[in-house]
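Structure file final.txt (compact mmCIF, C-alpha atoms and all ligand atoms) follows.
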# COMPACT_ATOMS: atom_id res chain seq x y z
CA MET A 1 51.22 24.88 -7.08
CA ASN A 2 51.52 26.69 -10.42
CA ALA A 3 54.62 28.47 -11.77
CA TYR A 4 53.60 31.86 -10.37
CA GLU A 5 52.84 30.51 -6.89
CA SER A 6 56.23 28.70 -6.82
CA MET A 7 58.10 31.86 -7.84
CA LYS A 8 56.20 33.80 -5.15
CA LEU A 9 57.14 31.26 -2.48
CA TYR A 10 60.85 31.40 -3.39
CA PHE A 11 60.58 35.21 -3.48
CA THR A 12 59.00 35.25 -0.01
CA ARG A 13 61.71 33.03 1.49
CA ALA A 14 64.40 35.40 0.19
CA ALA A 15 62.39 38.52 1.09
CA ASP A 16 62.02 37.25 4.68
CA ARG A 17 65.80 36.92 4.98
CA LEU A 18 66.30 40.36 3.44
CA GLY A 19 63.73 41.83 5.86
CA LEU A 20 61.75 43.38 2.98
CA GLU A 21 58.75 45.49 3.97
CA ASP A 22 55.29 44.37 2.75
CA SER A 23 54.91 47.46 0.58
CA ILE A 24 58.17 46.69 -1.26
CA ARG A 25 57.20 43.03 -1.68
CA LYS A 26 53.97 44.12 -3.34
CA LEU A 27 55.83 46.55 -5.60
CA LEU A 28 58.38 43.94 -6.69
CA LEU A 29 55.72 41.27 -7.28
CA THR A 30 53.44 43.47 -9.38
CA SER A 31 54.11 43.54 -13.14
CA LYS A 32 54.73 46.96 -14.68
CA ARG A 33 52.53 46.09 -17.66
CA GLU A 34 50.63 43.04 -18.92
CA VAL A 35 49.39 43.06 -22.50
CA GLN A 36 47.12 40.57 -24.22
CA VAL A 37 46.49 40.83 -27.97
CA GLN A 38 44.36 39.07 -30.55
CA VAL A 39 46.44 37.37 -33.27
CA ALA A 40 44.35 36.27 -36.25
CA ILE A 41 45.77 34.67 -39.41
CA GLU A 42 44.57 32.69 -42.41
CA ARG A 43 45.72 29.07 -42.11
CA ASP A 44 47.01 27.23 -45.20
CA SER A 45 43.58 25.57 -45.39
CA GLY A 46 42.00 29.00 -45.98
CA GLU A 47 40.36 28.91 -42.52
CA LEU A 48 40.53 31.95 -40.21
CA ALA A 49 42.32 31.11 -36.95
CA THR A 50 42.50 33.40 -33.91
CA PHE A 51 45.09 33.06 -31.12
CA VAL A 52 46.03 35.00 -28.00
CA GLY A 53 49.45 36.63 -27.58
CA TYR A 54 50.90 37.92 -24.30
CA ARG A 55 53.73 40.21 -23.22
CA VAL A 56 54.34 40.76 -19.54
CA GLN A 57 56.86 43.45 -18.60
CA HIS A 58 57.68 42.75 -15.00
CA ASP A 59 60.26 45.30 -13.86
CA ASN A 60 62.63 47.89 -15.40
CA SER A 61 64.38 49.26 -12.33
CA ARG A 62 67.78 48.01 -13.55
CA GLY A 63 67.37 48.65 -17.30
CA PRO A 64 65.23 47.73 -20.32
CA MET A 65 63.21 44.58 -19.80
CA LYS A 66 64.42 41.33 -21.33
CA GLY A 67 62.85 37.95 -21.91
CA GLY A 68 61.89 35.38 -24.50
CA PHE A 69 58.84 34.64 -26.61
CA ARG A 70 57.46 31.14 -26.00
CA TYR A 71 55.23 29.40 -28.58
CA HIS A 72 53.49 26.53 -26.79
CA PRO A 73 49.85 25.43 -26.49
CA GLU A 74 49.92 25.78 -22.69
CA VAL A 75 51.10 29.40 -22.65
CA ASP A 76 48.80 31.51 -20.46
CA LEU A 77 49.01 34.82 -18.63
CA GLU A 78 49.83 33.29 -15.23
CA GLU A 79 52.79 31.31 -16.64
CA VAL A 80 54.11 34.28 -18.62
CA ARG A 81 53.81 36.47 -15.50
CA ALA A 82 55.90 33.99 -13.48
CA LEU A 83 58.53 33.65 -16.20
CA ALA A 84 58.76 37.46 -16.56
CA ALA A 85 59.49 37.83 -12.84
CA LEU A 86 62.09 35.03 -13.04
CA MET A 87 63.82 37.04 -15.79
CA THR A 88 63.99 40.09 -13.48
CA TRP A 89 65.77 38.05 -10.79
CA LYS A 90 67.95 36.24 -13.37
CA THR A 91 69.30 39.41 -15.06
CA ALA A 92 69.98 40.84 -11.59
CA VAL A 93 71.80 37.67 -10.42
CA VAL A 94 74.26 37.94 -13.33
CA ASN A 95 74.31 41.74 -12.90
CA ILE A 96 73.55 42.72 -16.49
CA PRO A 97 71.70 46.03 -16.99
CA TYR A 98 68.23 44.68 -17.65
CA GLY A 99 64.88 44.10 -16.05
CA GLY A 100 62.61 41.17 -16.81
CA ALA A 101 59.84 40.37 -19.30
CA LYS A 102 58.34 37.38 -21.06
CA GLY A 103 55.85 36.77 -23.83
CA GLY A 104 54.24 34.08 -25.80
CA LEU A 105 51.59 32.74 -28.06
CA ALA A 106 49.29 29.86 -27.13
CA ILE A 107 49.98 27.83 -30.29
CA ASP A 108 51.61 24.51 -31.11
CA PRO A 109 54.31 25.59 -33.60
CA LYS A 110 54.85 21.96 -34.72
CA THR A 111 51.43 22.08 -36.40
CA PHE A 112 52.26 25.30 -38.29
CA SER A 113 53.81 25.53 -41.75
CA SER A 114 56.71 27.96 -42.12
CA ARG A 115 54.37 30.43 -43.87
CA GLU A 116 51.84 30.21 -41.04
CA LEU A 117 54.55 30.66 -38.40
CA GLU A 118 55.84 33.77 -40.16
CA ALA A 119 52.30 35.16 -40.50
CA VAL A 120 51.43 34.57 -36.84
CA THR A 121 54.73 36.13 -35.71
CA ARG A 122 54.28 39.24 -37.84
CA LYS A 123 50.66 39.64 -36.66
CA PHE A 124 51.80 39.29 -33.02
CA ILE A 125 54.42 42.02 -33.57
CA ASP A 126 51.79 44.26 -35.22
CA GLY A 127 49.88 44.03 -31.95
CA ILE A 128 52.77 44.86 -29.60
CA HIS A 129 55.40 46.78 -31.64
CA ASP A 130 54.72 50.02 -29.79
CA ILE A 131 55.44 48.57 -26.33
CA PHE A 132 58.86 47.01 -26.96
CA GLY A 133 62.16 48.15 -28.50
CA PRO A 134 65.91 48.50 -27.80
CA ASP A 135 65.47 50.88 -24.83
CA ILE A 136 62.23 49.43 -23.48
CA ASP A 137 61.96 45.67 -23.73
CA ILE A 138 63.98 43.26 -25.87
CA PRO A 139 62.49 39.84 -26.76
CA ALA A 140 64.56 36.70 -27.48
CA PRO A 141 63.91 33.03 -28.35
CA ASP A 142 62.38 30.60 -25.86
CA MET A 143 60.62 27.24 -26.22
CA GLY A 144 59.07 26.90 -29.68
CA THR A 145 60.84 29.92 -31.20
CA ASN A 146 64.26 30.20 -32.83
CA ASP A 147 66.62 32.51 -34.70
CA LYS A 148 64.38 32.47 -37.78
CA VAL A 149 61.43 33.78 -35.74
CA MET A 150 63.69 36.49 -34.29
CA ALA A 151 64.67 37.56 -37.84
CA TRP A 152 60.96 37.99 -38.73
CA ILE A 153 60.48 40.02 -35.55
CA MET A 154 63.39 42.35 -36.40
CA ASN A 155 62.04 42.79 -39.92
CA GLN A 156 58.45 43.47 -38.82
CA TYR A 157 59.54 45.86 -36.05
CA GLY A 158 61.71 47.69 -38.62
CA LYS A 159 58.65 48.36 -40.79
CA TYR A 160 57.28 50.59 -38.00
CA HIS A 161 60.46 51.95 -36.42
CA GLY A 162 63.25 51.71 -39.01
CA PHE A 163 66.47 49.68 -38.83
CA SER A 164 66.79 48.49 -35.20
CA PRO A 165 68.72 45.22 -34.86
CA ALA A 166 68.90 45.73 -31.07
CA CYS A 167 65.09 45.39 -30.78
CA VAL A 168 65.43 41.60 -30.43
CA THR A 169 68.25 39.11 -29.68
CA GLY A 170 68.94 35.53 -30.69
CA LYS A 171 68.95 36.51 -34.37
CA PRO A 172 70.80 34.51 -37.05
CA VAL A 173 74.51 35.37 -37.15
CA GLU A 174 74.10 36.57 -40.75
CA MET A 175 71.44 39.00 -39.55
CA HIS A 176 73.17 40.87 -36.72
CA GLY A 177 73.19 37.82 -34.43
CA LEU A 178 76.03 36.84 -32.11
CA PRO A 179 78.46 34.01 -32.79
CA GLY A 180 78.24 32.10 -29.52
CA ARG A 181 74.60 32.90 -28.63
CA GLU A 182 73.42 29.43 -29.68
CA GLU A 183 75.87 27.62 -27.41
CA ALA A 184 75.72 30.14 -24.55
CA THR A 185 73.07 28.60 -22.28
CA GLY A 186 74.62 25.11 -22.47
CA ARG A 187 78.12 26.53 -22.06
CA GLY A 188 76.89 28.45 -19.02
CA VAL A 189 75.40 25.28 -17.52
CA ALA A 190 78.79 23.58 -18.00
CA ILE A 191 80.71 26.52 -16.48
CA ILE A 192 78.46 26.56 -13.40
CA THR A 193 78.59 22.75 -13.05
CA LEU A 194 82.41 22.81 -13.09
CA LYS A 195 82.43 25.59 -10.46
CA VAL A 196 80.18 23.52 -8.17
CA LEU A 197 82.30 20.40 -8.63
CA SER A 198 85.41 22.36 -7.73
CA ARG A 199 83.75 23.89 -4.60
CA LEU A 200 82.59 20.47 -3.47
CA ASN A 201 86.08 19.01 -4.01
CA ARG A 202 85.01 16.72 -6.83
CA LYS A 203 87.09 16.12 -9.93
CA PRO A 204 85.41 16.37 -13.38
CA GLN A 205 87.18 13.15 -14.45
CA GLN A 206 85.47 11.27 -11.61
CA SER A 207 82.05 12.88 -12.09
CA ARG A 208 79.25 10.99 -13.80
CA VAL A 209 76.65 13.28 -15.37
CA ALA A 210 73.09 12.45 -16.53
CA ILE A 211 71.36 14.98 -18.78
CA GLN A 212 67.64 15.04 -19.56
CA GLY A 213 66.95 16.82 -22.87
CA PHE A 214 69.27 16.88 -25.87
CA GLY A 215 68.12 20.09 -27.56
CA ASN A 216 69.90 23.42 -27.64
CA VAL A 217 70.80 23.51 -23.94
CA GLY A 218 71.38 19.79 -23.33
CA THR A 219 73.65 19.25 -26.35
CA PHE A 220 75.96 22.15 -25.58
CA ALA A 221 76.06 21.33 -21.87
CA ALA A 222 77.02 17.74 -22.81
CA LYS A 223 79.64 18.92 -25.31
CA PHE A 224 81.40 21.33 -22.94
CA LEU A 225 81.22 18.99 -19.93
CA SER A 226 82.63 16.08 -21.94
CA GLU A 227 85.41 18.38 -23.21
CA ALA A 228 86.14 19.09 -19.52
CA GLU A 229 86.48 15.28 -19.08
CA CYS A 230 83.26 14.68 -17.15
CA LYS A 231 81.76 11.28 -17.90
CA ILE A 232 78.32 11.80 -19.48
CA THR A 233 76.70 8.49 -18.53
CA ALA A 234 73.18 9.28 -19.77
CA ILE A 235 71.46 11.59 -22.25
CA SER A 236 67.84 11.70 -23.30
CA ASP A 237 65.20 13.35 -25.39
CA VAL A 238 61.52 12.82 -26.06
CA SER A 239 62.37 9.44 -27.72
CA GLY A 240 63.79 8.02 -24.44
CA ALA A 241 67.07 7.91 -22.52
CA TYR A 242 70.41 6.30 -23.40
CA TYR A 243 72.80 5.03 -20.71
CA ARG A 244 76.41 3.86 -20.83
CA ALA A 245 78.29 3.35 -17.55
CA GLY A 246 81.66 4.03 -19.22
CA GLY A 247 80.40 7.31 -20.69
CA ILE A 248 78.48 8.15 -23.87
CA ASP A 249 80.50 9.32 -26.87
CA ILE A 250 78.96 12.80 -27.15
CA SER A 251 80.47 13.47 -30.60
CA ALA A 252 78.74 10.31 -31.86
CA ALA A 253 75.44 11.38 -30.26
CA LEU A 254 75.72 14.83 -31.89
CA ARG A 255 76.43 13.21 -35.26
CA HIS A 256 73.36 11.01 -34.76
CA THR A 257 71.06 13.96 -34.00
CA ALA A 258 72.50 15.92 -36.95
CA GLU A 259 71.57 13.02 -39.23
CA HIS A 260 68.14 12.39 -37.64
CA ARG A 261 66.54 15.85 -37.58
CA GLY A 262 67.64 16.53 -34.01
CA SER A 263 66.36 13.22 -32.57
CA LEU A 264 68.24 10.57 -30.57
CA GLU A 265 65.75 7.90 -31.75
CA GLY A 266 67.74 4.84 -32.86
CA PHE A 267 70.97 5.92 -31.11
CA THR A 268 73.01 2.79 -30.38
CA GLY A 269 75.78 4.34 -28.28
CA GLY A 270 74.00 3.43 -25.02
CA GLU A 271 71.46 1.10 -23.49
CA LYS A 272 67.93 2.41 -23.97
CA ILE A 273 66.22 3.29 -20.68
CA SER A 274 63.25 5.52 -19.85
CA ASN A 275 63.39 9.19 -18.92
CA ALA A 276 62.03 8.19 -15.49
CA GLN A 277 64.97 5.78 -15.01
CA LEU A 278 67.45 8.51 -15.98
CA PHE A 279 66.39 10.50 -12.90
CA GLU A 280 67.11 7.55 -10.62
CA LEU A 281 70.56 6.66 -12.02
CA ASP A 282 73.55 6.29 -9.76
CA CYS A 283 75.41 9.45 -10.87
CA ASP A 284 77.05 12.54 -9.41
CA VAL A 285 75.34 15.32 -11.36
CA LEU A 286 71.80 15.39 -12.73
CA ILE A 287 70.99 18.09 -15.29
CA PRO A 288 67.32 18.52 -16.25
CA ALA A 289 67.52 20.40 -19.59
CA ALA A 290 64.07 19.79 -21.08
CA LEU A 291 60.82 20.73 -19.37
CA GLY A 292 59.56 22.42 -16.22
CA GLY A 293 58.13 20.41 -13.30
CA VAL A 294 60.04 17.17 -13.95
CA ILE A 295 61.45 16.74 -10.42
CA THR A 296 58.46 15.96 -8.25
CA LYS A 297 57.85 14.79 -4.68
CA GLU A 298 57.42 11.30 -6.18
CA ASN A 299 60.83 11.01 -7.88
CA ALA A 300 62.86 13.36 -5.62
CA PRO A 301 63.42 10.67 -2.92
CA LYS A 302 64.82 8.33 -5.62
CA ILE A 303 67.37 10.79 -7.03
CA LYS A 304 70.88 9.51 -6.25
CA ALA A 305 72.84 12.42 -7.72
CA ALA A 306 74.64 14.61 -5.19
CA ILE A 307 74.21 17.69 -7.38
CA VAL A 308 71.27 18.91 -9.50
CA VAL A 309 71.95 21.73 -11.97
CA GLU A 310 68.71 23.29 -13.25
CA ALA A 311 69.36 23.95 -16.93
CA ALA A 312 65.62 24.05 -17.73
CA ASN A 313 63.38 26.76 -16.31
CA ALA A 314 61.57 25.65 -13.13
CA PRO A 315 62.31 21.89 -13.47
CA THR A 316 61.90 21.26 -9.72
CA ASN A 317 58.55 21.52 -7.96
CA VAL A 318 58.67 23.36 -4.63
CA ASP A 319 57.86 20.29 -2.49
CA ALA A 320 60.53 18.29 -4.37
CA ASP A 321 63.04 21.11 -3.85
CA ASP A 322 62.44 20.95 -0.09
CA LEU A 323 62.88 17.16 -0.12
CA LEU A 324 66.18 17.44 -2.03
CA TYR A 325 67.42 20.06 0.42
CA GLU A 326 66.54 17.85 3.41
CA ARG A 327 68.43 14.99 1.78
CA GLY A 328 71.53 17.15 1.28
CA VAL A 329 71.33 17.25 -2.53
CA PHE A 330 73.08 20.40 -3.78
CA VAL A 331 70.69 22.21 -6.18
CA VAL A 332 71.89 25.02 -8.46
CA PRO A 333 68.78 27.09 -9.31
CA ASP A 334 67.67 27.94 -12.85
CA ILE A 335 68.11 31.70 -12.36
CA LEU A 336 71.86 31.09 -12.02
CA ALA A 337 72.42 27.82 -13.92
CA ASN A 338 70.81 28.83 -17.24
CA ALA A 339 71.66 32.55 -17.18
CA GLY A 340 74.31 32.10 -19.90
CA GLY A 341 71.68 32.61 -22.61
CA VAL A 342 70.47 36.01 -21.46
CA THR A 343 74.07 37.07 -20.78
CA ALA A 344 75.01 36.32 -24.40
CA SER A 345 71.84 38.13 -25.49
CA TYR A 346 73.17 41.16 -23.62
CA PHE A 347 76.41 40.94 -25.64
CA GLU A 348 74.38 40.76 -28.86
CA TRP A 349 72.29 43.80 -27.88
CA ALA A 350 75.34 45.83 -26.84
CA GLN A 351 77.13 44.99 -30.11
CA ASN A 352 74.06 45.81 -32.21
CA ARG A 353 73.94 49.22 -30.57
CA GLN A 354 77.63 49.79 -31.44
CA HIS A 355 77.31 48.18 -34.91
CA TYR A 356 80.37 46.14 -33.98
CA SER A 357 81.03 42.42 -33.55
CA TRP A 358 83.32 40.83 -30.94
CA GLY A 359 83.81 37.35 -32.38
CA LEU A 360 83.40 33.99 -30.63
CA ASN A 361 86.48 33.96 -28.40
CA ARG A 362 85.76 37.28 -26.75
CA CYS A 363 82.09 36.28 -26.23
CA ARG A 364 83.21 33.07 -24.50
CA GLN A 365 85.71 34.90 -22.30
CA GLU A 366 83.18 37.54 -21.23
CA LEU A 367 80.53 34.88 -20.58
CA ASP A 368 82.90 32.81 -18.44
CA HIS A 369 83.84 35.95 -16.49
CA ILE A 370 80.26 37.13 -15.80
CA LEU A 371 79.01 33.66 -14.81
CA GLY A 372 82.09 33.05 -12.64
CA GLU A 373 81.41 36.30 -10.71
CA ALA A 374 77.70 35.49 -10.37
CA PHE A 375 78.44 32.02 -9.04
CA GLN A 376 80.94 33.38 -6.51
CA ASN A 377 78.51 36.02 -5.34
CA VAL A 378 75.64 33.56 -4.83
CA TRP A 379 77.97 31.08 -3.14
CA ASP A 380 79.21 33.77 -0.70
CA VAL A 381 75.66 34.93 0.15
CA GLY A 382 74.64 31.29 0.72
CA LYS A 383 77.57 30.79 3.13
CA GLU A 384 77.02 34.10 4.92
CA HIS A 385 73.29 33.48 5.46
CA LYS A 386 73.58 29.69 5.87
CA THR A 387 71.04 29.06 3.15
CA ASN A 388 70.79 27.04 -0.04
CA MET A 389 71.80 28.32 -3.49
CA ARG A 390 68.21 29.02 -4.56
CA THR A 391 67.40 31.33 -1.66
CA ALA A 392 70.87 32.89 -1.97
CA ALA A 393 70.35 33.57 -5.70
CA TYR A 394 66.93 35.12 -5.05
CA MET A 395 68.46 37.24 -2.28
CA VAL A 396 71.16 38.54 -4.67
CA GLY A 397 68.63 39.23 -7.45
CA ILE A 398 65.89 40.77 -5.32
CA GLY A 399 68.42 42.81 -3.31
CA ARG A 400 69.83 44.40 -6.49
CA VAL A 401 66.39 45.19 -7.93
CA ARG A 402 65.28 46.71 -4.65
CA ARG A 403 68.39 48.92 -4.44
CA ALA A 404 67.96 50.14 -8.03
CA ALA A 405 64.27 50.91 -7.46
CA THR A 406 65.14 52.84 -4.29
CA LEU A 407 67.97 54.82 -5.93
CA ALA A 408 65.77 55.77 -8.87
CA GLY A 409 63.18 57.09 -6.46
CA THR A 410 60.40 55.04 -7.96
CA MET A 411 59.04 54.40 -4.49
P1 LIG B 501 64.87 22.49 -27.17
O1 LIG B 501 63.49 22.51 -27.69
O2 LIG B 501 66.01 22.83 -28.06
O3 LIG B 501 65.21 21.04 -26.53
C1 LIG B 501 64.36 20.40 -25.64
C2 LIG B 501 64.81 18.96 -25.50
O4 LIG B 501 64.00 18.33 -24.51
C3 LIG B 501 64.66 18.12 -26.77
O5 LIG B 501 65.76 17.23 -26.87
C4 LIG B 501 63.38 17.33 -26.52
O6 LIG B 501 63.32 16.10 -27.23
C5 LIG B 501 63.51 17.10 -25.04
N1 LIG B 501 62.24 16.75 -24.41
C6 LIG B 501 61.02 17.28 -24.65
N2 LIG B 501 60.09 16.65 -23.93
C7 LIG B 501 60.76 15.69 -23.22
C8 LIG B 501 60.35 14.71 -22.29
N3 LIG B 501 59.08 14.59 -21.95
N4 LIG B 501 61.31 13.92 -21.75
C9 LIG B 501 62.60 14.05 -22.11
N5 LIG B 501 63.03 14.95 -22.98
C10 LIG B 501 62.11 15.76 -23.53
O7 LIG B 501 64.82 23.46 -25.89
P2 LIG B 501 66.04 24.19 -25.20
O8 LIG B 501 66.22 25.53 -25.81
O9 LIG B 501 67.20 23.25 -25.10
O10 LIG B 501 65.43 24.47 -23.74
C11 LIG B 501 65.42 23.46 -22.75
C12 LIG B 501 65.04 24.10 -21.43
O11 LIG B 501 65.99 25.12 -21.09
C13 LIG B 501 63.67 24.80 -21.41
O12 LIG B 501 63.12 24.62 -20.12
C14 LIG B 501 64.02 26.26 -21.62
O13 LIG B 501 63.02 27.14 -21.09
C15 LIG B 501 65.32 26.34 -20.85
N6 LIG B 501 66.16 27.46 -21.26
C16 LIG B 501 66.61 27.56 -22.54
C17 LIG B 501 67.44 28.61 -22.90
C18 LIG B 501 68.01 28.73 -24.29
O14 LIG B 501 68.82 29.64 -24.53
N7 LIG B 501 67.66 27.85 -25.22
C19 LIG B 501 67.78 29.59 -21.95
C20 LIG B 501 67.32 29.46 -20.64
C21 LIG B 501 66.50 28.38 -20.31
Once you've parsed the file, please lay out its structure as structure tokens.
Ligand code: NAD
Amino acid sequence: MNAYESMKLYFTRAADRLGLEDSIRKLLLTSKREVQVQVAIERDSGELATFVGYRVQHDNSRGPMKGGFRYHPEVDLEEVRALAALMTWKTAVVNIPYGGAKGGLAIDPKTFSSRELEAVTRKFIDGIHDIFGPDIDIPAPDMGTNDKVMAWIMNQYGKYHGFSPACVTGKPVEMHGLPGREEATGRGVAIITLKVLSRLNRKPQQSRVAIQGFGNVGTFAAKFLSEAECKITAISDVSGAYYRAGGIDISAALRHTAEHRGSLEGFTGGEKISNAQLFELDCDVLIPAALGGVITKENAPKIKAAIVVEAANAPTNVDADDLLYERGVFVVPDILANAGGVTASYFEWAQNRQHYSWGLNRCRQELDHILGEAFQNVWDVGKEHKTNMRTAAYMVGIGRVRRAATLAGTM
């Protein structure tokens, strides 16, 4: 089952519980607009290279559409379409005034020089500048893109439309970015994890946490959870996993990655194990914070964690999700667990429009407040309808989008 089919299945389960008519299901599952553009640049070798860029704008019933740009060789229209719809439900779950969108380029950014990356980004924006903007659709970073790419986007967009920092979020702090945006997704994962622990009567000090992925999301989730006294017993990245029963020293791991270009390779603060072993560790909380599709029907029966918090987008395959549910594993879905990033993007956009900056403390307070409310809401719906957190989160998100679409009279 591909990403779009999985999203559609989760949508259908929630739509059944909400009693949504077929006509409304079709409306909510059909993208508003899907754009595909040719992106041609001259490589450093002098060769002409042509790529395909996508932007899918899924729904704007609740506000301008919002979603990242992904640079990855496997980007295709079907994946972007699924991720755009996920953004619609995610922004609705945290109740920020946005719809959903997603975009991407089918390139491997690791094989691009900085000059090539800038050229391909500017060419992509040339192709789509007239369909996005502060009141229409606001891109942000995703896999393979970062604050530097967002700065090029703001600059290129400005060449057509004038000074518009709110046309894109996730920009460098020195260029109208938000202090706190970088940490926001990982901080959100930590906030939601602590809420679940509290609801399930578990103490952070007695909770052992294993985290797959030690990039932007994984590092900040590890940092905030260890500050809350959780024991981070395993961390990992593409180089492998590192396990210490007594808890990994996260400050030491962060120092190691700072000195080794972001990699954990050679980290001696834990026994080296494989990423596959990390999933099977005896722990309380498992946090996949790397790739999609890593929890499968093969490894789901071996997961010993009582709680899975989906920091990555779509880390659990549908059949694995059903197996975890049958086994009583408490799964917090991606559209709630990793919504801290888009929430902080909303703060950045709002501040850009006011030409005013809040500062880090206020950003953290507002983020904690919005995620706390979203968690409570999804929890309550789950209890009321006797369903799991994923279906409850989809019910909250889809219900809000449906109400906004009805009130606007778009039907
Ligand atoms: P990142 O590129 O900063 O980090 C990814 C990490 O995963 C790296 O440590 C990398 O080494 C590791 N990794 C890659 N392949 C691996 C493998 N096969 N096994 C183990 N580890 C592997 O990415 P990120 O921004 O931290 O995003 C991680 C996930 O969170 C993605 O699924 C992304 O879509 C999702 N997400 C990110 C944000 C955000 O604000 N960054 C927001 C929402 C969702």
Which residues, written as an MDAnalysis selection string, have at least one atom at most 9 Å from Asp319 of chain A, with only C-alpha atoms counted and residues fewer than 5 positions away on the same chain left out?
chainID A and resid 296:297 324
Take the residues from that selection and write them out as a CSV table (one decimal), in the coordinates of the input, keeping C-alpha atoms.
chain,number,residue,atom,x,y,z
A,296,THR,CA,58.5,16.0,-8.2
A,297,LYS,CA,57.8,14.8,-4.7
A,324,LEU,CA,66.2,17.4,-2.0
When you draw a straight line from atom CA of Asp322 of chain A to atom CA of Val56 of chain A, how long is it in Å?
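These two atoms are separated by 28.9 Å.
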Closest contacts (chain A/ligand LIG 501 (chain B), max 7 Å, only C-alpha atoms and all ligand atoms) as CSV:
residue,atom,partner,partner_atom,distance
A:Asp142,CA,B:LIG501,O13,5.9
A:Met143,CA,B:LIG501,O7,5.7
A:Gly144,CA,B:LIG501,O1,6.5
A:Glu182,CA,B:LIG501,O14,6.9
A:Ala184,CA,B:LIG501,O14,6.9
A:Thr185,CA,B:LIG501,O14,4.9
A:Gln212,CA,B:LIG501,C9,5.7
A:Gly213,CA,B:LIG501,O4,3.7
A:Phe214,CA,B:LIG501,O5,3.7
A:Gly215,CA,B:LIG501,O3,3.2
A:Asn216,CA,B:LIG501,O9,3.7
A:Val217,CA,B:LIG501,O9,3.8
A:Gly218,CA,B:LIG501,O9,5.7
A:Ser236,CA,B:LIG501,N5,5.8
A:Asp237,CA,B:LIG501,N5,3.6
A:Val238,CA,B:LIG501,O6,3.9
A:Ser239,CA,B:LIG501,O6,6.7
A:Gly240,CA,B:LIG501,C9,6.6
A:Ser263,CA,B:LIG501,O6,6.8
A:Asn275,CA,B:LIG501,C9,5.9
A:Ala289,CA,B:LIG501,C12,4.8
A:Ala290,CA,B:LIG501,O4,3.7
A:Leu291,CA,B:LIG501,O12,4.6
A:Gly292,CA,B:LIG501,O12,5.7
A:Ala311,CA,B:LIG501,O11,5.5
A:Ala312,CA,B:LIG501,O12,3.5
A:Asn313,CA,B:LIG501,O12,4.4
A:Asn338,CA,B:LIG501,C20,4.9
A:Ala339,CA,B:LIG501,C20,6.4
A:Gly341,CA,B:LIG501,O14,4.5
A:Val342,CA,B:LIG501,C19,7.0
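Distance check against Gly177 of chain A using all atoms listed in the file: of A:Asn146, A:Thr391, A:Asn201, A:Ser6, the minimum falls on A:Asn146.
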Which polymer residues, whether protein, DNA or RNA, lie within 8 Å of the coordinate (46.6, 38.6, -36.9) when you count only C-alpha atoms? List them as a list in words, using the chain letters and numbers from the file.
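Here the neighbourhood of the point contains Gln38, Val39, Ala40, Ile41, Thr50, Ala119, Val120, Arg122, Lys123, Phe124 and Asp126 of chain A.
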What is the distance between atom CA of Gly170 of chain A and atom CA of Ala337 of chain A, in Å to one decimal?
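The value is 18.8 Å.
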Record the distance separating atom CA of Asn95 of chain A and atom CA of Glu348 of chain A, expressed in Å with one decimal.
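Between atom CA of Asn95 of chain A and atom CA of Glu348 of chain A the gap is 16.0 Å.
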Polymer residues at most 10 Å from Lys66 of chain A, all atoms listed in the file, same-chain spacing of 2 or more positions, as a PyMOL selection string
chain A and resi 57-60+63-64+68+84+87-88+91+97-102+132+134+136-140+168-169+342+345-346
Could the residues of segment 244-358 of chain A that have an atom at most 9 Å from segment 365-383 of chain A be listed as a Markdown table, each with its closest atom pair and the distance in Å to one decimal, counting all atoms listed in the file and ordered by chain and ascending residue number?
| residue | atom | partner | partner_atom | distance |
| --- | --- | --- | --- | --- |
| A:Leu336 | CA | A:Phe375 | CA | 7.3 |
| A:Ala337 | CA | A:Phe375 | CA | 8.8 |
| A:Ala339 | CA | A:Leu371 | CA | 7.8 |
| A:Gly340 | CA | A:Leu367 | CA | 6.8 |
| A:Thr343 | CA | A:Leu367 | CA | 6.8 |
| A:Ala344 | CA | A:Leu367 | CA | 6.9 |
| A:Phe347 | CA | A:Glu366 | CA | 8.8 |
Excluding Gly397 of chain A and its own-chain neighbours fewer than 4 positions away, which residues fall within 8 Å of it when counting only C-alpha atoms? Please give them as a PyMOL selection string.
chain A and resi 88-93+393+401
